[in-house]
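Undergrad: Following this line is work_21.pdb, made up of PDB, C-alpha atoms:
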```pdb
ATOM      1  CA  MET A   1    -150.383   7.412-137.695  1.00  0.00           C
ATOM      2  CA  LYS A   2    -149.424   3.931-138.943  1.00  0.00           C
ATOM      3  CA  LYS A   3    -146.565   3.871-136.431  1.00  0.00           C
ATOM      4  CA  LEU A   4    -148.928   4.640-133.550  1.00  0.00           C
ATOM      5  CA  VAL A   5    -151.340   1.943-134.671  1.00  0.00           C
ATOM      6  CA  PHE A   6    -148.431  -0.516-134.983  1.00  0.00           C
ATOM      7  CA  LEU A   7    -147.110   0.387-131.502  1.00  0.00           C
ATOM      8  CA  PHE A   8    -150.576   0.067-129.977  1.00  0.00           C
ATOM      9  CA  THR A   9    -151.188  -3.289-131.676  1.00  0.00           C
ATOM     10  CA  VAL A  10    -147.848  -4.686-130.570  1.00  0.00           C
ATOM     11  CA  SER A  11    -148.421  -3.485-126.992  1.00  0.00           C
ATOM     12  CA  ILE A  12    -151.836  -5.126-126.848  1.00  0.00           C
ATOM     13  CA  LEU A  13    -150.391  -8.364-128.222  1.00  0.00           C
ATOM     14  CA  ALA A  14    -147.646  -8.243-125.624  1.00  0.00           C
ATOM     15  CA  LEU A  15    -150.078  -7.707-122.771  1.00  0.00           C
ATOM     16  CA  THR A  16    -152.290 -10.545-123.907  1.00  0.00           C
ATOM     17  CA  SER A  17    -149.279 -12.820-124.301  1.00  0.00           C
ATOM     18  CA  CYS A  18    -148.481 -12.275-120.618  1.00  0.00           C
ATOM     19  CA  SER A  19    -151.747 -13.597-119.243  1.00  0.00           C
ATOM     20  CA  SER A  20    -151.954 -16.860-117.342  1.00  0.00           C
ATOM     21  CA  ASP A  21    -150.986 -19.967-119.292  1.00  0.00           C
ATOM     22  CA  ASP A  22    -154.197 -21.585-118.011  1.00  0.00           C
ATOM     23  CA  ASP A  23    -156.164 -19.255-120.304  1.00  0.00           C
ATOM     24  CA  LYS A  24    -154.146 -20.216-123.380  1.00  0.00           C
ATOM     25  CA  ASN A  25    -154.459 -23.983-123.413  1.00  0.00           C
ATOM     26  CA  ASP A  26    -156.295 -25.448-126.359  1.00  0.00           C
ATOM     27  CA  SER A  27    -158.177 -28.731-126.369  1.00  0.00           C
ATOM     28  CA  ASN A  28    -154.936 -30.567-127.175  1.00  0.00           C
ATOM     29  CA  GLY A  29    -153.204 -29.193-124.049  1.00  0.00           C
ATOM     30  CA  GLY A  30    -150.813 -26.942-126.031  1.00  0.00           C
ATOM     31  CA  SER A  31    -150.392 -23.180-125.974  1.00  0.00           C
ATOM     32  CA  LYS A  32    -152.128 -21.077-128.613  1.00  0.00           C
ATOM     33  CA  LEU A  33    -149.815 -18.609-130.333  1.00  0.00           C
ATOM     34  CA  PRO A  34    -150.463 -16.120-133.122  1.00  0.00           C
ATOM     35  CA  LYS A  35    -149.406 -17.405-136.506  1.00  0.00           C
ATOM     36  CA  SER A  36    -145.848 -16.617-137.512  1.00  0.00           C
ATOM     37  CA  GLU A  37    -147.212 -14.303-140.204  1.00  0.00           C
ATOM     38  CA  VAL A  38    -150.359 -12.159-140.019  1.00  0.00           C
ATOM     39  CA  THR A  39    -151.570 -10.078-142.978  1.00  0.00           C
ATOM     40  CA  THR A  40    -154.140  -7.295-142.571  1.00  0.00           C
ATOM     41  CA  ALA A  41    -155.761  -4.804-144.933  1.00  0.00           C
ATOM     42  CA  GLU A  42    -155.358  -1.159-143.944  1.00  0.00           C
ATOM     43  CA  PRO A  43    -158.274   1.306-144.327  1.00  0.00           C
ATOM     44  CA  ALA A  44    -156.416   3.148-147.109  1.00  0.00           C
ATOM     45  CA  GLY A  45    -156.268  -0.104-149.104  1.00  0.00           C
ATOM     46  CA  SER A  46    -152.666  -1.051-148.387  1.00  0.00           C
ATOM     47  CA  ILE A  47    -151.690  -4.486-147.084  1.00  0.00           C
ATOM     48  CA  SER A  48    -149.715  -4.836-143.839  1.00  0.00           C
ATOM     49  CA  LYS A  49    -147.795  -7.987-142.906  1.00  0.00           C
ATOM     50  CA  LEU A  50    -146.560  -8.736-139.371  1.00  0.00           C
ATOM     51  CA  ASP A  51    -144.034 -11.539-138.857  1.00  0.00           C
ATOM     52  CA  TYR A  52    -143.573 -13.161-135.426  1.00  0.00           C
ATOM     53  CA  THR A  53    -140.454 -14.901-134.080  1.00  0.00           C
ATOM     54  CA  TYR A  54    -140.821 -17.179-131.042  1.00  0.00           C
ATOM     55  CA  ASP A  55    -138.623 -18.832-128.436  1.00  0.00           C
ATOM     56  CA  GLY A  56    -140.871 -21.625-127.235  1.00  0.00           C
ATOM     57  CA  THR A  57    -144.101 -19.884-126.232  1.00  0.00           C
ATOM     58  CA  LYS A  58    -142.562 -16.412-125.858  1.00  0.00           C
ATOM     59  CA  ILE A  59    -142.657 -13.816-128.611  1.00  0.00           C
ATOM     60  CA  GLN A  60    -139.064 -12.712-129.234  1.00  0.00           C
ATOM     61  CA  SER A  61    -139.736 -10.189-131.993  1.00  0.00           C
ATOM     62  CA  THR A  62    -142.239  -8.910-134.503  1.00  0.00           C
ATOM     63  CA  SER A  63    -141.484  -7.148-137.753  1.00  0.00           C
ATOM     64  CA  SER A  64    -143.821  -5.358-140.123  1.00  0.00           C
ATOM     65  CA  SER A  65    -141.313  -4.738-142.897  1.00  0.00           C
ATOM     66  CA  ASN A  66    -137.604  -4.965-143.442  1.00  0.00           C
ATOM     67  CA  THR A  67    -137.191  -1.754-141.448  1.00  0.00           C
ATOM     68  CA  THR A  68    -139.660  -1.913-138.519  1.00  0.00           C
ATOM     69  CA  LYS A  69    -139.134  -4.368-135.673  1.00  0.00           C
ATOM     70  CA  SER A  70    -140.174  -4.895-132.046  1.00  0.00           C
ATOM     71  CA  ILE A  71    -137.881  -6.772-129.659  1.00  0.00           C
ATOM     72  CA  TYR A  72    -139.389  -8.405-126.541  1.00  0.00           C
ATOM     73  CA  SER A  73    -137.367  -8.820-123.317  1.00  0.00           C
ATOM     74  CA  TYR A  74    -138.273 -11.080-120.406  1.00  0.00           C
ATOM     75  CA  SER A  75    -137.197 -11.710-116.837  1.00  0.00           C
ATOM     76  CA  SER A  76    -137.834 -15.433-116.424  1.00  0.00           C
ATOM     77  CA  ASP A  77    -141.215 -15.762-118.139  1.00  0.00           C
ATOM     78  CA  ILE A  78    -142.416 -12.221-117.385  1.00  0.00           C
ATOM     79  CA  LEU A  79    -142.396  -9.557-120.115  1.00  0.00           C
ATOM     80  CA  THR A  80    -140.318  -6.566-118.979  1.00  0.00           C
ATOM     81  CA  LYS A  81    -139.745  -4.490-122.119  1.00  0.00           C
ATOM     82  CA  ILE A  82    -140.662  -4.049-125.768  1.00  0.00           C
ATOM     83  CA  GLU A  83    -138.212  -2.064-127.865  1.00  0.00           C
ATOM     84  CA  TYR A  84    -139.512  -0.525-131.118  1.00  0.00           C
ATOM     85  CA  LYS A  85    -136.897  -0.108-133.866  1.00  0.00           C
ATOM     86  CA  GLU A  86    -136.724   1.349-137.356  1.00  0.00           C
ATOM     87  CA  ASN A  87    -133.685   0.534-139.488  1.00  0.00           C
ATOM     88  CA  ASP A  88    -132.126  -1.072-136.376  1.00  0.00           C
ATOM     89  CA  ILE A  89    -132.353   2.231-134.468  1.00  0.00           C
ATOM     90  CA  THR A  90    -134.422   2.294-131.261  1.00  0.00           C
ATOM     91  CA  LYS A  91    -137.225   4.845-131.648  1.00  0.00           C
ATOM     92  CA  SER A  92    -139.157   4.037-128.474  1.00  0.00           C
ATOM     93  CA  TYR A  93    -139.690   1.366-125.854  1.00  0.00           C
ATOM     94  CA  THR A  94    -142.242   0.311-123.281  1.00  0.00           C
ATOM     95  CA  GLU A  95    -141.325  -1.096-119.863  1.00  0.00           C
ATOM     96  CA  TYR A  96    -143.681  -3.365-117.926  1.00  0.00           C
ATOM     97  CA  SER A  97    -143.746  -4.199-114.223  1.00  0.00           C
ATOM     98  CA  PHE A  98    -145.699  -7.001-112.598  1.00  0.00           C
ATOM     99  CA  ASP A  99    -146.686  -7.946-109.065  1.00  0.00           C
ATOM    100  CA  LYS A 100    -147.597 -11.569-108.361  1.00  0.00           C
ATOM    101  CA  GLY A 101    -148.414 -12.193-112.007  1.00  0.00           C
ATOM    102  CA  ASP A 102    -150.610  -9.098-112.451  1.00  0.00           C
ATOM    103  CA  ILE A 103    -149.469  -6.157-114.528  1.00  0.00           C
ATOM    104  CA  LYS A 104    -148.657  -3.276-112.188  1.00  0.00           C
ATOM    105  CA  SER A 105    -147.548  -0.485-114.531  1.00  0.00           C
ATOM    106  CA  THR A 106    -146.297   0.451-117.981  1.00  0.00           C
ATOM    107  CA  SER A 107    -144.089   3.328-119.085  1.00  0.00           C
ATOM    108  CA  THR A 108    -143.405   4.276-122.694  1.00  0.00           C
ATOM    109  CA  PHE A 109    -140.356   6.272-123.708  1.00  0.00           C
ATOM    110  CA  SER A 110    -139.444   8.038-126.938  1.00  0.00           C
ATOM    111  CA  VAL A 111    -135.757   7.912-127.897  1.00  0.00           C
ATOM    112  CA  SER A 112    -134.192  10.902-129.650  1.00  0.00           C
ATOM    113  CA  VAL A 113    -131.527  10.820-132.341  1.00  0.00           C
ATOM    114  CA  ASP A 114    -129.026  11.563-129.543  1.00  0.00           C
ATOM    115  CA  LYS A 115    -130.272   8.396-127.771  1.00  0.00           C
ATOM    116  CA  VAL A 116    -131.956  10.364-124.971  1.00  0.00           C
ATOM    117  CA  ALA A 117    -135.086   8.661-123.632  1.00  0.00           C
ATOM    118  CA  THR A 118    -138.103  10.806-122.688  1.00  0.00           C
ATOM    119  CA  LYS A 119    -141.162   9.334-120.962  1.00  0.00           C
ATOM    120  CA  ILE A 120    -144.210   9.979-123.128  1.00  0.00           C
ATOM    121  CA  SER A 121    -146.824   7.942-121.281  1.00  0.00           C
ATOM    122  CA  SER A 122    -147.363   5.757-118.261  1.00  0.00           C
ATOM    123  CA  ALA A 123    -150.162   3.750-116.741  1.00  0.00           C
ATOM    124  CA  VAL A 124    -150.740   2.209-113.318  1.00  0.00           C
ATOM    125  CA  TYR A 125    -153.095  -0.743-113.024  1.00  0.00           C
ATOM    126  CA  THR A 126    -155.211  -1.504-109.969  1.00  0.00           C
ATOM    127  CA  TYR A 127    -157.338  -4.551-109.236  1.00  0.00           C
ATOM    128  CA  ASP A 128    -160.383  -5.254-107.127  1.00  0.00           C
ATOM    129  CA  GLU A 129    -159.573  -7.481-104.190  1.00  0.00           C
TER     130      GLU A 129
END
```
Could I get this file's structure written as structure tokens?
TA:
Amino acid sequence: MKKLVFLFTVSILALTSCSSDDDKNDSNGGSKLPKSEVTTAEPAGSISKLDYTYDGTKIQSTSSSNTTKSIYSYSSDILTKIEYKENDITKSYTEYSFDKGDIKSTSTFSVSVDKVATKISSAVYTYDE
């Protein structure tokens, strides 16, 4: 369950990090980014720490422990993929497609021990004109 919550949280962070830069400017004219380390308390009483690594204003990776990591891939400045790893082994990944700056679709794949990817979910986004 913790893995699903982690994957969902990372996906939401990724989607929000892809919004227009106009929405992210603070009063000083700079971009707002999550802190490089975020600590949260879990319902069961445990403490969870998420570390962020940046390249400029783009999230390059997040890690929640020494064994769990998410790697972000971009085409230019557009997020295209988040790869979820445990012990440096890819367990799943989510691919993103955009059209004129708007998210068009997402597809999430589970990766087996034999490195075979199986689509486990997908979403298509539509917008009012």
Undergrad: Got a sec to resolve the PyMOL selection byres ((chain A and resi 37) around 10) on this structure and send the residues as a ChimeraX atom specification?
TA: /A:34-36,38-39,49-53,62-64
Undergrad: Record the distance separating CA of Asp102 (chain A) and CA of Ser122 (chain A), expressed in Å with one decimal.
TA: 16.3 Å
Undergrad: Return the single residue from A:Asp88, A:Asp77, A:Asp128, A:Glu42 that is closest to Gly56 (chain A), with distances computed using all atoms listed in the file.
TA: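 Going through A:Asp88, A:Asp77, A:Asp128, A:Glu42 one by one, the smallest distance to Gly56 (chain A) is for A:Asp77.
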Undergrad: Quick one, how far is CA of Ile103 (chain A) from CA of Ser65 (chain A)?
TA: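 Value for the CA of Ile103 (chain A)-CA of Ser65 (chain A) distance: 29.6 Å.
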Undergrad: How far is it from CA of Ser70 (chain A) to CA of Lys104 (chain A), in Å with one decimal?
TA: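 Separation between CA of Ser70 (chain A) and CA of Lys104 (chain A): 21.7 Å.
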Undergrad: At a cut-off of 10 Å, using all atoms listed in the file, what residues contact Ser61 (chain A)? Leave out same-chain residues fewer than 5 positions from it and give the result as a ChimeraX atom specification.
TA: /A:10,51-55,69-73,82-84
Undergrad: Which residues, written as JSON, numbers by chain, have at least one atom at most 12 Å from Phe98 (chain A), with only C-alpha atoms counted and residues fewer than 3 positions away on the same chain left out?
TA: {"A": [15, 18, 19, 74, 75, 77, 78, 79, 80, 81, 95, 101, 102, 103, 104, 105, 106, 124, 125, 126]}
Undergrad: Using only C-alpha atoms, determine which residues lie at most 10 Å from Thr118 (chain A), disregarding the query and same-chain residues fewer than 6 positions distant; provide the list as an NGL selection string.
TA: :A and (92 or 108-112)
